[in-house]
>>> print(open('model_15.txt').read())   # compact mmCIF, C-alpha atoms
# COMPACT_ATOMS: atom_id res chain seq x y z
CA MET A 1 13.63 35.40 -24.64
CA GLU A 2 11.75 32.27 -25.61
CA THR A 3 9.10 31.07 -23.16
CA VAL A 4 9.56 27.49 -21.99
CA HIS A 5 6.30 25.60 -21.74
CA PRO A 6 5.86 22.44 -19.67
CA PRO A 7 5.69 19.25 -21.73
CA LYS A 8 2.14 18.34 -22.70
CA LYS A 9 0.50 15.03 -21.91
CA SER A 10 -3.02 13.87 -22.50
CA PHE A 11 -5.59 14.45 -19.77
CA TYR A 12 -5.93 10.69 -19.42
CA LYS A 13 -2.19 10.23 -18.81
CA ASP A 14 -2.13 13.05 -16.27
CA PHE A 15 -5.14 11.57 -14.47
CA VAL A 16 -3.49 8.15 -14.38
CA GLU A 17 -0.30 9.72 -13.04
CA ILE A 18 -1.81 11.96 -10.39
CA THR A 19 -4.01 9.16 -9.03
CA LYS A 20 -1.01 6.76 -9.16
CA ALA A 21 -3.02 4.20 -11.11
CA ARG A 22 -0.67 1.23 -10.59
CA LEU A 23 -0.64 1.76 -6.84
CA ALA A 24 -4.41 2.30 -6.77
CA ILE A 25 -5.04 -0.90 -8.75
CA SER A 26 -2.81 -2.91 -6.41
CA VAL A 27 -4.79 -1.55 -3.45
CA VAL A 28 -8.06 -2.48 -5.16
CA PHE A 29 -6.66 -5.98 -5.80
CA SER A 30 -5.92 -6.30 -2.08
CA THR A 31 -9.44 -5.15 -1.17
CA ILE A 32 -11.05 -7.62 -3.58
CA ALA A 33 -8.93 -10.42 -2.09
CA GLY A 34 -10.23 -9.50 1.36
CA TYR A 35 -13.81 -9.47 0.02
CA LEU A 36 -13.45 -12.96 -1.47
CA LEU A 37 -12.09 -14.22 1.86
CA GLY A 38 -15.11 -12.75 3.64
CA ILE A 39 -17.91 -14.31 1.57
CA ASP A 40 -19.34 -17.73 2.46
CA SER A 41 -18.68 -19.38 -0.91
CA TRP A 42 -17.84 -18.49 -4.49
CA PHE A 43 -21.51 -18.70 -5.41
CA SER A 44 -22.47 -16.17 -2.75
CA HIS A 45 -20.32 -13.36 -4.19
CA ASN A 46 -22.09 -10.31 -5.55
CA TRP A 47 -20.75 -8.83 -8.79
CA GLU A 48 -22.42 -5.50 -8.04
CA ILE A 49 -20.67 -5.23 -4.67
CA LEU A 50 -17.36 -6.20 -6.26
CA LEU A 51 -17.77 -3.50 -8.89
CA LEU A 52 -18.73 -0.87 -6.29
CA LEU A 53 -15.76 -1.91 -4.15
CA ALA A 54 -13.35 -1.64 -7.08
CA ILE A 55 -14.61 1.75 -8.28
CA GLY A 56 -15.05 3.21 -4.80
CA GLY A 57 -11.67 1.90 -3.70
CA TYR A 58 -9.92 3.41 -6.71
CA CYS A 59 -11.63 6.75 -6.07
CA MET A 60 -10.47 6.86 -2.44
CA VAL A 61 -6.88 5.79 -3.16
CA GLY A 62 -6.72 8.16 -6.12
CA ALA A 63 -8.00 11.03 -3.98
CA SER A 64 -5.42 10.29 -1.27
CA ASN A 65 -2.66 10.38 -3.85
CA ILE A 66 -3.92 13.63 -5.33
CA PHE A 67 -4.07 15.40 -1.95
CA ASN A 68 -0.63 14.00 -1.13
CA GLN A 69 0.79 15.49 -4.33
CA ILE A 70 -0.90 18.85 -3.72
CA ILE A 71 0.78 19.10 -0.32
CA GLU A 72 4.14 17.89 -1.65
CA LYS A 73 4.13 19.81 -4.95
CA ASP A 74 7.22 21.88 -4.15
CA LEU A 75 9.05 18.91 -2.64
CA ASP A 76 8.23 16.71 -5.63
CA ALA A 77 9.87 19.34 -7.85
CA LEU A 78 13.17 18.70 -6.04
CA MET A 79 13.30 14.95 -6.72
CA ASP A 80 14.23 13.33 -10.02
CA ARG A 81 11.62 10.60 -9.51
CA THR A 82 8.72 13.02 -9.11
CA LYS A 83 9.65 16.31 -10.81
CA ASN A 84 7.73 15.43 -13.99
CA ARG A 85 4.44 14.72 -12.22
CA PRO A 86 1.48 16.86 -13.35
CA LEU A 87 1.70 19.36 -10.46
CA PRO A 88 5.45 20.11 -10.19
CA SER A 89 5.73 20.22 -13.98
CA GLU A 90 2.76 22.65 -13.97
CA ARG A 91 0.74 20.65 -16.45
CA MET A 92 -2.04 20.79 -13.84
CA SER A 93 -2.85 23.50 -11.32
CA LYS A 94 -3.37 22.90 -7.61
CA GLN A 95 -6.96 24.12 -7.96
CA THR A 96 -7.73 21.58 -10.68
CA ALA A 97 -6.10 18.80 -8.70
CA PHE A 98 -8.04 19.77 -5.57
CA ILE A 99 -11.32 19.65 -7.50
CA PHE A 100 -10.43 16.17 -8.81
CA GLY A 101 -9.48 15.04 -5.31
CA GLY A 102 -12.69 16.39 -3.81
CA ILE A 103 -14.89 14.78 -6.47
CA LEU A 104 -13.14 11.41 -6.09
CA THR A 105 -13.45 11.56 -2.30
CA LEU A 106 -17.19 12.29 -2.36
CA LEU A 107 -17.80 9.75 -5.12
CA GLY A 108 -15.77 7.11 -3.32
CA LEU A 109 -17.55 7.63 0.00
CA VAL A 110 -21.00 7.49 -1.60
CA ILE A 111 -20.15 4.35 -3.54
CA LEU A 112 -18.61 2.58 -0.54
CA TYR A 113 -21.49 3.65 1.72
CA ASN A 114 -23.73 1.74 -0.66
CA VAL A 115 -21.58 -1.33 0.01
CA ASN A 116 -22.07 -0.77 3.75
CA PRO A 117 -21.48 2.14 6.17
CA LYS A 118 -18.48 0.56 7.91
CA THR A 119 -16.63 0.19 4.61
CA ALA A 120 -17.12 3.91 3.95
CA MET A 121 -16.06 4.75 7.51
CA PHE A 122 -12.77 2.81 7.33
CA SER A 123 -12.06 4.33 3.92
CA ALA A 124 -12.61 7.82 5.33
CA ILE A 125 -10.25 7.03 8.23
CA SER A 126 -7.67 5.79 5.73
CA ILE A 127 -7.72 8.91 3.56
CA PHE A 128 -7.60 11.16 6.65
CA MET A 129 -4.58 9.37 8.14
CA TYR A 130 -2.72 9.25 4.83
CA VAL A 131 -3.22 12.90 3.94
CA SER A 132 -3.38 14.63 7.33
CA LEU A 133 -0.90 12.55 9.35
CA TYR A 134 1.44 10.47 7.19
CA THR A 135 2.10 13.08 4.49
CA PRO A 136 3.24 15.96 6.76
CA LEU A 137 5.19 13.59 9.04
CA LYS A 138 7.40 12.42 6.16
CA THR A 139 9.54 15.55 6.52
CA MET A 140 9.57 15.43 10.32
CA THR A 141 10.28 11.94 11.58
CA PRO A 142 11.02 8.34 10.50
CA LEU A 143 7.90 7.43 12.51
CA SER A 144 5.95 8.57 9.45
CA VAL A 145 6.32 5.01 8.12
CA PHE A 146 4.69 3.67 11.30
CA VAL A 147 1.78 6.12 10.94
CA GLY A 148 1.48 5.40 7.21
CA ALA A 149 1.34 1.66 7.89
CA PHE A 150 -2.17 2.11 9.37
CA PRO A 151 -3.93 3.44 6.25
CA GLY A 152 -1.71 1.18 4.15
CA ALA A 153 -2.96 -1.90 6.01
CA ILE A 154 -6.67 -1.04 5.77
CA PRO A 155 -7.44 -2.25 2.18
CA PHE A 156 -6.96 -6.00 2.82
CA MET A 157 -9.25 -5.98 5.85
CA LEU A 158 -11.62 -3.51 4.16
CA GLY A 159 -12.67 -6.21 1.71
CA TRP A 160 -13.66 -8.49 4.59
CA VAL A 161 -15.70 -5.67 6.17
CA ALA A 162 -17.36 -5.05 2.79
CA ALA A 163 -18.35 -8.72 2.56
CA THR A 164 -19.51 -9.23 6.14
CA GLY A 165 -20.48 -5.80 7.40
CA HIS A 166 -18.44 -6.09 10.59
CA PHE A 167 -14.88 -5.86 11.92
CA GLY A 168 -13.76 -8.90 13.90
CA ILE A 169 -10.75 -11.15 14.50
CA GLU A 170 -10.65 -12.10 10.82
CA ALA A 171 -10.46 -8.53 9.54
CA GLY A 172 -8.01 -7.69 12.32
CA THR A 173 -5.72 -10.52 11.22
CA LEU A 174 -5.74 -9.35 7.60
CA PHE A 175 -4.93 -5.87 8.88
CA ILE A 176 -1.98 -7.10 10.96
CA ILE A 177 -0.49 -9.04 8.03
CA GLN A 178 -0.44 -6.02 5.75
CA PHE A 179 0.57 -3.71 8.62
CA PHE A 180 3.82 -5.56 9.33
CA TRP A 181 4.51 -5.96 5.60
CA GLN A 182 4.55 -2.17 5.16
CA PHE A 183 7.82 -1.78 7.07
CA PRO A 184 10.27 -3.87 5.03
CA HIS A 185 8.52 -2.74 1.85
CA PHE A 186 8.76 1.01 2.50
CA TRP A 187 12.15 0.86 4.17
CA ALA A 188 13.48 -0.90 1.06
CA ILE A 189 12.04 1.95 -1.04
CA GLY A 190 13.51 4.49 1.37
CA TRP A 191 16.90 2.79 1.02
CA PHE A 192 17.27 2.73 -2.76
CA LEU A 193 15.69 6.18 -3.14
CA TYR A 194 17.64 7.59 -0.20
CA ASP A 195 19.52 10.26 -2.15
CA ASP A 196 16.38 11.43 -3.97
CA TYR A 197 14.34 11.56 -0.75
CA LYS A 198 17.15 13.47 0.94
CA LYS A 199 16.73 16.31 -1.58
CA ALA A 200 13.18 16.84 -0.30
CA GLY A 201 14.02 16.21 3.36
CA PHE A 202 11.99 13.01 3.68
CA PHE A 203 12.75 10.77 6.66
CA MET A 204 11.88 7.23 5.59
CA LEU A 205 14.47 4.96 7.23
CA PRO A 206 14.11 4.05 10.93
CA THR A 207 17.60 5.31 11.89
CA GLY A 208 17.64 8.00 9.22
CA GLU A 209 20.59 6.30 7.55
CA LYS A 210 21.40 3.35 5.29
CA ASP A 211 23.14 1.44 8.06
CA LYS A 212 23.24 -2.02 9.62
CA LYS A 213 20.62 -1.07 12.23
CA THR A 214 18.13 -0.19 9.49
CA ALA A 215 18.95 -3.41 7.61
CA LEU A 216 18.48 -5.42 10.81
CA GLN A 217 15.06 -3.86 11.42
CA ILE A 218 14.07 -4.76 7.86
CA ILE A 219 14.97 -8.39 8.63
CA LEU A 220 13.03 -8.35 11.91
CA TYR A 221 9.87 -6.88 10.39
CA THR A 222 10.06 -9.33 7.48
CA PHE A 223 10.14 -12.10 10.09
CA TRP A 224 7.10 -10.61 11.89
CA THR A 225 5.30 -10.40 8.54
CA ILE A 226 5.87 -14.13 7.98
CA LEU A 227 4.63 -14.99 11.48
CA ALA A 228 1.52 -12.85 11.04
CA SER A 229 0.84 -14.50 7.68
CA VAL A 230 0.61 -18.01 9.17
CA ILE A 231 -1.54 -17.11 12.20
CA PRO A 232 -4.78 -18.33 10.48
CA ALA A 233 -3.37 -21.87 10.39
CA PHE A 234 -3.70 -22.19 14.19
CA GLY A 235 -7.48 -22.06 14.24
CA PHE A 236 -8.13 -19.06 16.47
CA THR A 237 -8.93 -16.47 13.80
CA GLY A 238 -12.61 -17.25 13.43
CA HIS A 239 -13.71 -17.99 9.88
CA LEU A 240 -10.32 -17.06 8.46
CA TYR A 241 -8.36 -20.28 8.11
CA LEU A 242 -5.28 -21.51 6.25
CA SER A 243 -4.64 -25.15 5.35
CA ILE A 244 -1.28 -26.87 5.87
CA PRO A 245 -0.40 -26.90 2.11
CA ALA A 246 -1.20 -23.18 1.96
CA VAL A 247 0.95 -22.52 5.04
CA ILE A 248 3.88 -24.28 3.36
CA ILE A 249 3.52 -22.04 0.31
CA VAL A 250 3.17 -18.90 2.45
CA VAL A 251 6.27 -19.81 4.48
CA ALA A 252 8.20 -20.49 1.26
CA LEU A 253 7.19 -17.05 -0.02
CA GLY A 254 8.28 -15.57 3.30
CA ILE A 255 11.68 -17.28 3.15
CA TRP A 256 12.09 -15.87 -0.37
CA MET A 257 11.48 -12.35 0.93
CA LEU A 258 13.62 -12.95 4.02
CA PHE A 259 16.51 -14.07 1.81
CA TYR A 260 16.58 -10.68 0.09
CA ALA A 261 16.29 -8.90 3.44
CA PHE A 262 19.42 -10.75 4.59
CA LYS A 263 21.04 -9.99 1.24
CA LEU A 264 20.50 -6.28 1.82
CA HIS A 265 22.04 -6.61 5.30
CA GLN A 266 25.03 -8.33 3.73
CA VAL A 267 25.78 -6.04 0.77
CA MET A 268 24.20 -2.75 1.93
CA GLU A 269 23.53 -1.64 -1.67
CA ALA A 270 20.66 0.21 -3.35
CA LYS A 271 20.38 -2.56 -5.94
CA ALA A 272 19.67 -5.11 -3.20
CA ALA A 273 17.08 -2.78 -1.62
CA ARG A 274 15.31 -2.38 -4.96
CA LYS A 275 15.23 -6.15 -5.40
CA LEU A 276 13.76 -6.55 -1.91
CA MET A 277 11.08 -3.99 -2.73
CA LEU A 278 10.08 -5.89 -5.89
CA VAL A 279 10.05 -9.21 -4.02
CA SER A 280 7.93 -7.68 -1.23
CA VAL A 281 5.32 -6.58 -3.79
CA SER A 282 5.24 -10.09 -5.23
CA TYR A 283 5.04 -11.54 -1.72
CA ILE A 284 1.92 -9.68 -0.63
CA SER A 285 0.14 -10.24 -3.97
CA LEU A 286 0.96 -13.96 -4.08
CA LEU A 287 0.04 -14.35 -0.41
CA GLN A 288 -3.39 -12.89 -1.07
CA ILE A 289 -3.87 -15.19 -4.05
CA VAL A 290 -2.84 -18.21 -1.96
CA TYR A 291 -5.29 -17.22 0.79
CA VAL A 292 -8.17 -16.90 -1.70
CA VAL A 293 -7.38 -20.07 -3.68
CA ASP A 294 -6.96 -22.04 -0.46
CA LYS A 295 -10.36 -20.87 0.77
CA PHE A 296 -12.20 -22.06 -2.35
CA LEU A 297 -10.28 -25.33 -2.79
CA ARG A 298 -10.94 -26.59 0.72
>>> encode(input="model_15.txt", output="structure tokens")
Amino acid sequence: METVHPPKKSFYKDFVEITKARLAISVVFSTIAGYLLGIDSWFSHNWEILLLLAIGGYCMVGASNIFNQIIEKDLDALMDRTKNRPLPSERMSKQTAFIFGGILTLLGLVILYNVNPKTAMFSAISIFMYVSLYTPLKTMTPLSVFVGAFPGAIPFMLGWVAATGHFGIEAGTLFIIQFFWQFPHFWAIGWFLYDDYKKAGFFMLPTGEKDKKTALQIILYTFWTILASVIPAFGFTGHLYLSIPAVIIVVALGIWMLFYAFKLHQVMEAKAARKLMLVSVSYISLLQIVYVVDKFLR
């Protein structure tokens, strides 16, 4: 009988896949946006700190993703979307992955500690919550999304903490914006990947089903995301401020996302959920760009 070997990929491609490079880069982008919002002016930014933040941030997100995939190796093998990842396809052993995860964690913490201790502390909290709380809860309760929203919301505010060295109303506001955004984003993913997630026993939707109640909650949390995003315009978020033109753009972006949330409620189809997910990604990225551009144009 002929032995079947797992398909080979380069070490680089496996490393990119197991650290979820695209996700990690988007998280780093969010952190850098928060850093730029936290500095006094464009001329006061520090390229060394930015570089440390980018590398350290990637290490921590990559490590979280590695540990997540170690824990979910057998479950990933059940889903079409994940069965060809390095671990379930057996291109990489758990031991090797654990070594990579450990090295990235230590490297990330050391690098971010050199930015400032609070940045390293919040990063450590993030990786702990993602791996030790969110990951095991995914097969137990829909509340896993609520728990996962905490580490998911840390990167935006982490940049502010890296720039200023403290957590205040400004960092808290950035946290709240990305916290509320997590819900429509991940519920949209949970909707269009419902059948695949069901194979592994993941509970991602608030009611556990693709129903009108879930769609309504997606609409409500999209609305809360928009409200949170315009809070800086009212002048009580310290040094974090948003001008009227910027608010108009942010609200327009929010209406765009809200439209697709209503569309999902109307048609109740996976295609609409996927579109909402893509729009939500664009929303948070464009919002962060608007915040940064508005800061330096005022």
>>> closest_residue(input="model_15.txt", among="A:Phe236, A:Trp256, A:Phe203, A:Tyr291", to="A:Ile177", atoms="all atoms listed in the file")
A:Tyr291
>>> residues_around(input="model_15.txt", residues="A:Val290", least_positions_apart="3", cutoff="12 Å", atoms="only C-alpha atoms", output="MDAnalysis selection string")
chainID A and resid 33:34 36:37 229:230 241:253 282:287 293:298
>>> residues_around(input="model_15.txt", residues="A:Thr31", least_positions_apart="3", cutoff="9 Å", atoms="only C-alpha atoms", output="list in words")
Ser26, Val27, Val28, Gly34, Tyr35, Leu36, Leu53, Ala54, Gly57, Ile154, Pro155, Phe156, Met157, Leu158, Gly159, Trp160 and Ala162 of chain A
>>> closest_residue(input="model_15.txt", among="A:Ser132, A:Asn46, A:Asn65, A:Thr19", to="A:Ile32", atoms="all atoms listed in the file")
A:Asn46
>>> closest_residue(input="model_15.txt", among="A:Ser41, A:Thr214, A:Gln288, A:Ile255", to="A:Ile226", atoms="only C-alpha atoms")
A:Ile255
>>> residues_near_point(input="model_15.txt", point="(23.5, -4.9, -1.1)", cutoff="12 Å", atoms="only C-alpha atoms", output="MDAnalysis selection string")
chainID A and resid 188 191:192 210:212 215 259:276
>>> decode(input="model_15.txt", residues="stretch 124-137 of chain A", atoms="all heavy atoms", output="PDB file, in the first residue's frame")
ATOM      1  N   ALA A 124       0.537  41.057  26.931  1.00  0.00           N
ATOM      2  CA  ALA A 124       0.509  39.778  27.653  1.00  0.00           C
ATOM      3  C   ALA A 124      -0.926  39.421  28.045  1.00  0.00           C
ATOM      4  O   ALA A 124      -1.337  38.257  27.940  1.00  0.00           O
ATOM      5  CB  ALA A 124       1.396  39.860  28.892  1.00  0.00           C
ATOM      6  N   ILE A 125      -1.694  40.413  28.479  1.00  0.00           N
ATOM      7  CA  ILE A 125      -3.102  40.183  28.823  1.00  0.00           C
ATOM      8  C   ILE A 125      -3.869  39.707  27.589  1.00  0.00           C
ATOM      9  O   ILE A 125      -4.686  38.782  27.654  1.00  0.00           O
ATOM     10  CB  ILE A 125      -3.745  41.467  29.385  1.00  0.00           C
ATOM     11  CG1 ILE A 125      -3.153  41.791  30.762  1.00  0.00           C
ATOM     12  CG2 ILE A 125      -5.263  41.332  29.480  1.00  0.00           C
ATOM     13  CD1 ILE A 125      -3.563  43.145  31.316  1.00  0.00           C
ATOM     14  N   SER A 126      -3.572  40.335  26.460  1.00  0.00           N
ATOM     15  CA  SER A 126      -4.245  39.992  25.207  1.00  0.00           C
ATOM     16  C   SER A 126      -3.997  38.540  24.810  1.00  0.00           C
ATOM     17  O   SER A 126      -4.938  37.793  24.504  1.00  0.00           O
ATOM     18  CB  SER A 126      -3.781  40.928  24.087  1.00  0.00           C
ATOM     19  OG  SER A 126      -4.365  40.570  22.850  1.00  0.00           O
ATOM     20  N   ILE A 127      -2.751  38.128  24.821  1.00  0.00           N
ATOM     21  CA  ILE A 127      -2.419  36.761  24.412  1.00  0.00           C
ATOM     22  C   ILE A 127      -3.002  35.741  25.394  1.00  0.00           C
ATOM     23  O   ILE A 127      -3.475  34.667  24.992  1.00  0.00           O
ATOM     24  CB  ILE A 127      -0.893  36.576  24.244  1.00  0.00           C
ATOM     25  CG1 ILE A 127      -0.582  35.277  23.484  1.00  0.00           C
ATOM     26  CG2 ILE A 127      -0.161  36.577  25.566  1.00  0.00           C
ATOM     27  CD1 ILE A 127       0.881  35.142  23.099  1.00  0.00           C
ATOM     28  N   PHE A 128      -3.011  36.083  26.688  1.00  0.00           N
ATOM     29  CA  PHE A 128      -3.593  35.182  27.684  1.00  0.00           C
ATOM     30  C   PHE A 128      -5.096  35.008  27.456  1.00  0.00           C
ATOM     31  O   PHE A 128      -5.611  33.876  27.458  1.00  0.00           O
ATOM     32  CB  PHE A 128      -3.351  35.721  29.105  1.00  0.00           C
ATOM     33  CG  PHE A 128      -4.102  34.955  30.162  1.00  0.00           C
ATOM     34  CD1 PHE A 128      -3.631  33.727  30.616  1.00  0.00           C
ATOM     35  CD2 PHE A 128      -5.295  35.445  30.686  1.00  0.00           C
ATOM     36  CE1 PHE A 128      -4.333  33.003  31.576  1.00  0.00           C
ATOM     37  CE2 PHE A 128      -5.999  34.729  31.643  1.00  0.00           C
ATOM     38  CZ  PHE A 128      -5.515  33.504  32.091  1.00  0.00           C
ATOM     39  N   MET A 129      -5.813  36.106  27.250  1.00  0.00           N
ATOM     40  CA  MET A 129      -7.261  36.030  27.067  1.00  0.00           C
ATOM     41  C   MET A 129      -7.623  35.302  25.777  1.00  0.00           C
ATOM     42  O   MET A 129      -8.565  34.506  25.734  1.00  0.00           O
ATOM     43  CB  MET A 129      -7.875  37.436  27.061  1.00  0.00           C
ATOM     44  CG  MET A 129      -7.804  38.159  28.381  1.00  0.00           C
ATOM     45  SD  MET A 129      -8.821  39.667  28.401  1.00  0.00           S
ATOM     46  CE  MET A 129     -10.477  38.967  28.416  1.00  0.00           C
ATOM     47  N   TYR A 130      -6.861  35.547  24.731  1.00  0.00           N
ATOM     48  CA  TYR A 130      -7.153  34.921  23.435  1.00  0.00           C
ATOM     49  C   TYR A 130      -6.943  33.408  23.491  1.00  0.00           C
ATOM     50  O   TYR A 130      -7.784  32.636  23.018  1.00  0.00           O
ATOM     51  CB  TYR A 130      -6.267  35.532  22.357  1.00  0.00           C
ATOM     52  CG  TYR A 130      -6.594  35.049  20.955  1.00  0.00           C
ATOM     53  CD1 TYR A 130      -7.608  35.652  20.221  1.00  0.00           C
ATOM     54  CD2 TYR A 130      -5.891  34.000  20.374  1.00  0.00           C
ATOM     55  CE1 TYR A 130      -7.917  35.216  18.938  1.00  0.00           C
ATOM     56  CE2 TYR A 130      -6.194  33.550  19.098  1.00  0.00           C
ATOM     57  CZ  TYR A 130      -7.201  34.168  18.385  1.00  0.00           C
ATOM     58  OH  TYR A 130      -7.505  33.724  17.119  1.00  0.00           O
ATOM     59  N   VAL A 131      -5.837  33.007  24.078  1.00  0.00           N
ATOM     60  CA  VAL A 131      -5.474  31.581  24.078  1.00  0.00           C
ATOM     61  C   VAL A 131      -6.182  30.809  25.197  1.00  0.00           C
ATOM     62  O   VAL A 131      -6.717  29.719  24.972  1.00  0.00           O
ATOM     63  CB  VAL A 131      -3.949  31.410  24.212  1.00  0.00           C
ATOM     64  CG1 VAL A 131      -3.572  29.938  24.334  1.00  0.00           C
ATOM     65  CG2 VAL A 131      -3.241  32.044  23.016  1.00  0.00           C
ATOM     66  N   SER A 132      -6.203  31.367  26.398  1.00  0.00           N
ATOM     67  CA  SER A 132      -6.688  30.627  27.563  1.00  0.00           C
ATOM     68  C   SER A 132      -8.188  30.761  27.810  1.00  0.00           C
ATOM     69  O   SER A 132      -8.775  29.902  28.478  1.00  0.00           O
ATOM     70  CB  SER A 132      -5.936  31.084  28.821  1.00  0.00           C
ATOM     71  OG  SER A 132      -4.554  30.871  28.669  1.00  0.00           O
ATOM     72  N   LEU A 133      -8.812  31.823  27.293  1.00  0.00           N
ATOM     73  CA  LEU A 133     -10.240  32.028  27.529  1.00  0.00           C
ATOM     74  C   LEU A 133     -11.058  31.898  26.246  1.00  0.00           C
ATOM     75  O   LEU A 133     -11.927  31.031  26.140  1.00  0.00           O
ATOM     76  CB  LEU A 133     -10.465  33.403  28.174  1.00  0.00           C
ATOM     77  CG  LEU A 133      -9.772  33.629  29.524  1.00  0.00           C
ATOM     78  CD1 LEU A 133     -10.043  35.031  30.035  1.00  0.00           C
ATOM     79  CD2 LEU A 133     -10.219  32.589  30.545  1.00  0.00           C
ATOM     80  N   TYR A 134     -10.759  32.744  25.274  1.00  0.00           N
ATOM     81  CA  TYR A 134     -11.540  32.752  24.030  1.00  0.00           C
ATOM     82  C   TYR A 134     -11.490  31.414  23.296  1.00  0.00           C
ATOM     83  O   TYR A 134     -12.533  30.864  22.911  1.00  0.00           O
ATOM     84  CB  TYR A 134     -11.044  33.875  23.126  1.00  0.00           C
ATOM     85  CG  TYR A 134     -11.566  33.798  21.707  1.00  0.00           C
ATOM     86  CD1 TYR A 134     -12.911  34.006  21.436  1.00  0.00           C
ATOM     87  CD2 TYR A 134     -10.707  33.516  20.642  1.00  0.00           C
ATOM     88  CE1 TYR A 134     -13.398  33.938  20.130  1.00  0.00           C
ATOM     89  CE2 TYR A 134     -11.178  33.443  19.342  1.00  0.00           C
ATOM     90  CZ  TYR A 134     -12.526  33.655  19.089  1.00  0.00           C
ATOM     91  OH  TYR A 134     -12.989  33.578  17.804  1.00  0.00           O
ATOM     92  N   THR A 135     -10.295  30.877  23.105  1.00  0.00           N
ATOM     93  CA  THR A 135     -10.142  29.649  22.310  1.00  0.00           C
ATOM     94  C   THR A 135     -10.939  28.473  22.878  1.00  0.00           C
ATOM     95  O   THR A 135     -11.716  27.854  22.136  1.00  0.00           O
ATOM     96  CB  THR A 135      -8.649  29.280  22.163  1.00  0.00           C
ATOM     97  OG1 THR A 135      -7.996  30.311  21.409  1.00  0.00           O
ATOM     98  CG2 THR A 135      -8.482  27.964  21.429  1.00  0.00           C
ATOM     99  N   PRO A 136     -10.813  28.124  24.157  1.00  0.00           N
ATOM    100  CA  PRO A 136     -11.610  26.992  24.662  1.00  0.00           C
ATOM    101  C   PRO A 136     -13.109  27.275  24.716  1.00  0.00           C
ATOM    102  O   PRO A 136     -13.920  26.354  24.589  1.00  0.00           O
ATOM    103  CB  PRO A 136     -11.044  26.755  26.065  1.00  0.00           C
ATOM    104  CG  PRO A 136     -10.362  28.019  26.441  1.00  0.00           C
ATOM    105  CD  PRO A 136      -9.856  28.623  25.172  1.00  0.00           C
ATOM    106  N   LEU A 137     -13.496  28.550  24.887  1.00  0.00           N
ATOM    107  CA  LEU A 137     -14.919  28.884  24.986  1.00  0.00           C
ATOM    108  C   LEU A 137     -15.650  28.760  23.653  1.00  0.00           C
ATOM    109  O   LEU A 137     -16.882  28.665  23.622  1.00  0.00           O
ATOM    110  CB  LEU A 137     -15.089  30.305  25.536  1.00  0.00           C
ATOM    111  CG  LEU A 137     -14.847  30.489  27.036  1.00  0.00           C
ATOM    112  CD1 LEU A 137     -14.909  31.964  27.408  1.00  0.00           C
ATOM    113  CD2 LEU A 137     -15.868  29.689  27.847  1.00  0.00           C
TER     114      LEU A 137
END
